[in-house]
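*Asks:* Got a structure for you, questions after.
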Amino acid sequence: MSASANGAVASRVLRFILRGLSLAWAGFWTWFVVSATIGDPGPVPWWIPVAWLASLGTLVVLVWRWPTLGGFALVASGVWAAVYFDNPGARALLAAPAVGIGVGCLVLGWRARWLASAALLALGLTLSACIVPQDPADLPFRTSSILRHEDGRMRRALLVEETEIAGFPCQRWVWWYEDGRIDNVELALDLSVQGHDFPVGTRLFFDREGRLAHAWLSRDALIDGRPCRGRMKVDTAFHPNGRVRAFFPRRPLEIDGVLCAASVFHPIYLHPDGRLRQCKLAREVTLDGRTFEKGALLALDESGHALR
């Protein structure tokens, strides 16, 4: 077999491998985005997961149809993710695979143009890695991370060290409303907030009146007597009175005589007094003379009567 034939075979094999890796990488992050935002997304705007999914789809199409362009896009995206997401997990599972697959695509598409491509890649990496110099006046926030409201007040910023803000031991990203009140923070220590004990690493979201609205638990925890699933931005929501409004249990859970299924797609909803409002059934149940089959979505009014 000639050298050119060997090269063609190697190119086809590499193309096949890169396509498979890009699908696996994009598939994992598609699952992650959907799992983290499905159900009651709370404070997450709808366009954020849509933009993520569209970006993943675009990158996969580029890898399949135009490897060189896809390679540049993946490398740039990976470098951006490594700079923007100051998190070891994001860098290992999002940024590093993107850069690796992107470099592979560039190798596949370089051929005789490898010197020019290498120069462009080096330039792109240099520009992408540029970070705004730290202004001492901005401490304890990273200067390049600061985003402000139209009136100049802080909207979002990344802490360079653990800092107490508005009485909360905070780490990483902090968000504010236009009036300066806290929108959401990530706890740097275990903390009791408005009657609930939250573990370190939990991100808490507040409404504009300062009431607890949502929590992304860093691990499974018992909140308001309910076993709430943590990690991966799984949401636990609260009523204005502080009681749990919606949560995702790790295992099937019986509430008011109804066995509710454990699912990341169907949260358990509660009324403000803690009684069951809605869940997906883990087993058949009969209420008010009506039988609801396992897997059905059961909704109850505040008196416990079935609505559907």
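So you can find residues: chains in the structure tokens are A, B, ... in the order shown, residues in each start at 1, and ligands are numbered from 1 in order.
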What are the closest atom pairs, with distances in Å to one decimal, for all residues of region 48-91 of chain A lying within 10 Å of region 17-27 of chain A? Consider only C-alpha atoms, order rows by chain and residue number, and present the result as a Markdown table.

*Replies:*
| residue | atom | partner | partner_atom | distance |
| --- | --- | --- | --- | --- |
| A:Leu53 | CA | A:Ala26 | CA | 8.7 |
| A:Ser55 | CA | A:Ala26 | CA | 9.5 |
| A:Leu56 | CA | A:Ala26 | CA | 5.7 |
| A:Gly57 | CA | A:Ala26 | CA | 7.5 |
| A:Leu59 | CA | A:Ser22 | CA | 8.2 |
| A:Val60 | CA | A:Ser22 | CA | 6.1 |
| A:Val61 | CA | A:Arg19 | CA | 9.5 |
| A:Val63 | CA | A:Arg19 | CA | 6.7 |
| A:Trp64 | CA | A:Arg19 | CA | 6.2 |
| A:Arg65 | CA | A:Arg19 | CA | 10.0 |
| A:Pro67 | CA | A:Leu18 | CA | 9.1 |
| A:Leu74 | CA | A:Ser22 | CA | 9.7 |

*Asks:* Can you tell me, as an MDAnalysis selection string, what residues are no more than 6 Å from Val185 (chain A) when counting only C-alpha atoms, ignoring any on the same chain fewer than 6 positions away?

*Replies:* chainID A and resid 174 203:204

*Asks:* Pull the strand (DSSP E) assignments for region 181-220 of chain A out of DSSP run on the backbone, and list those residues as a list in words.

*Replies:*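 Here is the list: Ile182, Asp183, Asn184, Val185, Glu186, Leu187, Leu191, Ser192, Val193, His196, Asp197, Phe198, Arg203, Leu204, Phe205, Phe206, Leu212, Ala213, His214, Ala215 and Trp216 of chain A.
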
*Asks:* Create the file for the chosen residues now, containing C-alpha atoms and written as a PDB file, in the first residue's frame.

*Replies:*
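Wrote it out as part.pdb, contents follow:
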ATOM      1  CA  ILE A 182     -28.132  39.825  46.848  1.00  0.00           C
ATOM      2  CA  ASP A 183     -29.543  37.783  43.965  1.00  0.00           C
ATOM      3  CA  ASN A 184     -27.543  34.587  44.507  1.00  0.00           C
ATOM      4  CA  VAL A 185     -24.360  33.429  46.220  1.00  0.00           C
ATOM      5  CA  GLU A 186     -22.400  30.223  46.753  1.00  0.00           C
ATOM      6  CA  LEU A 187     -21.725  29.370  50.394  1.00  0.00           C
ATOM      7  CA  LEU A 191     -24.706  27.865  57.101  1.00  0.00           C
ATOM      8  CA  SER A 192     -28.228  28.089  58.487  1.00  0.00           C
ATOM      9  CA  VAL A 193     -30.289  30.466  56.328  1.00  0.00           C
ATOM     10  CA  HIS A 196     -32.689  25.781  56.839  1.00  0.00           C
ATOM     11  CA  ASP A 197     -29.234  24.211  57.188  1.00  0.00           C
ATOM     12  CA  PHE A 198     -27.286  24.298  53.935  1.00  0.00           C
ATOM     13  CA  ARG A 203     -25.800  28.206  45.752  1.00  0.00           C
ATOM     14  CA  LEU A 204     -28.688  30.158  47.264  1.00  0.00           C
ATOM     15  CA  PHE A 205     -31.099  32.327  45.263  1.00  0.00           C
ATOM     16  CA  PHE A 206     -33.211  35.084  46.815  1.00  0.00           C
ATOM     17  CA  LEU A 212     -35.043  32.412  49.976  1.00  0.00           C
ATOM     18  CA  ALA A 213     -36.388  31.260  46.599  1.00  0.00           C
ATOM     19  CA  HIS A 214     -34.163  28.451  45.321  1.00  0.00           C
ATOM     20  CA  ALA A 215     -31.136  26.395  46.304  1.00  0.00           C
ATOM     21  CA  TRP A 216     -28.705  24.300  44.302  1.00  0.00           C
TER      22      TRP A 216
END

*Asks:* Which residue is closest to Leu147 (chain A)? Choose from A:Trp175, A:Ala54, A:Ala95, A:Cys170 and count only C-alpha atoms.

*Replies:* A:Trp175

*Asks:* Using backbone DSSP assignments, extract all alpha helix (DSSP H) residues from region 8-213 of chain A; output them as JSON, numbers by chain.

*Replies:* {"A": [8, 9, 10, 11, 12, 13, 14, 15, 16, 17, 18, 19, 20, 21, 22, 23, 24, 25, 26, 27, 28, 29, 30, 31, 32, 33, 34, 35, 36, 37, 47, 48, 49, 50, 51, 52, 53, 54, 55, 56, 57, 58, 59, 60, 61, 62, 63, 64, 65, 67, 68, 69, 70, 71, 72, 73, 74, 75, 76, 77, 78, 79, 80, 81, 82, 83, 84, 88, 89, 90, 96, 97, 98, 99, 100, 101, 102, 103, 104, 105, 106, 107, 108, 109, 110, 114, 115, 116, 117, 118, 119, 120, 121, 122, 123, 124, 125, 126, 127, 128]}

*Asks:* Between A:Arg181, A:Arg156, A:Arg91, A:His305, single out the one closest to Ser144 (chain A), counting only C-alpha atoms.

*Replies:* A:Arg156

*Asks:* Contacts of region 236-250 of chain A at 8 Å or less, counting only C-alpha atoms, minus same-chain residues fewer than 4 places along, as a compact mmCIF listing (two decimals) with C-alpha atoms, in the first residue's frame?

*Replies:*
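What landed in selection_39.txt:
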# COMPACT_ATOMS: atom_id res chain seq x y z
CA ASP A 40 -38.77 24.02 37.60
CA GLY A 42 -36.36 28.82 38.78
CA GLN A 194 -33.89 31.39 57.10
CA GLY A 195 -34.37 28.26 59.18
CA ARG A 211 -36.61 35.76 50.79
CA LEU A 212 -35.04 32.41 49.98
CA ALA A 213 -36.39 31.26 46.60
CA HIS A 214 -34.16 28.45 45.32
CA ALA A 215 -31.14 26.40 46.30
CA TRP A 216 -28.70 24.30 44.30
CA LEU A 217 -27.52 21.94 47.02
CA ILE A 223 -34.38 20.54 54.01
CA ASP A 224 -37.64 21.32 55.82
CA ARG A 226 -37.62 16.63 52.99
CA PRO A 227 -34.75 14.55 51.53
CA CYS A 228 -33.59 16.82 48.71
CA ARG A 229 -31.26 15.76 45.94
CA ALA A 262 -37.85 9.84 42.27
CA SER A 263 -37.03 11.55 38.98
CA VAL A 264 -34.89 14.43 37.76
CA HIS A 266 -40.59 15.39 37.66
CA PRO A 267 -40.11 17.27 40.94
CA ILE A 268 -42.38 16.81 43.90
CA TYR A 269 -44.43 19.97 44.49
CA LEU A 270 -45.79 20.94 47.91
CA HIS A 271 -48.40 23.43 49.08
CA PRO A 272 -47.29 26.27 51.40
CA ASP A 273 -48.39 24.18 54.42
CA GLY A 274 -46.18 21.26 53.35

*Asks:* Can you tell me which residues surround Asp151 (chain A) at a distance of at most 9 Å, considering only C-alpha atoms, apart from same-chain residues fewer than 3 positions away, and format the answer as a PyMOL selection string?

*Replies:* chain A and resi 148+154+178
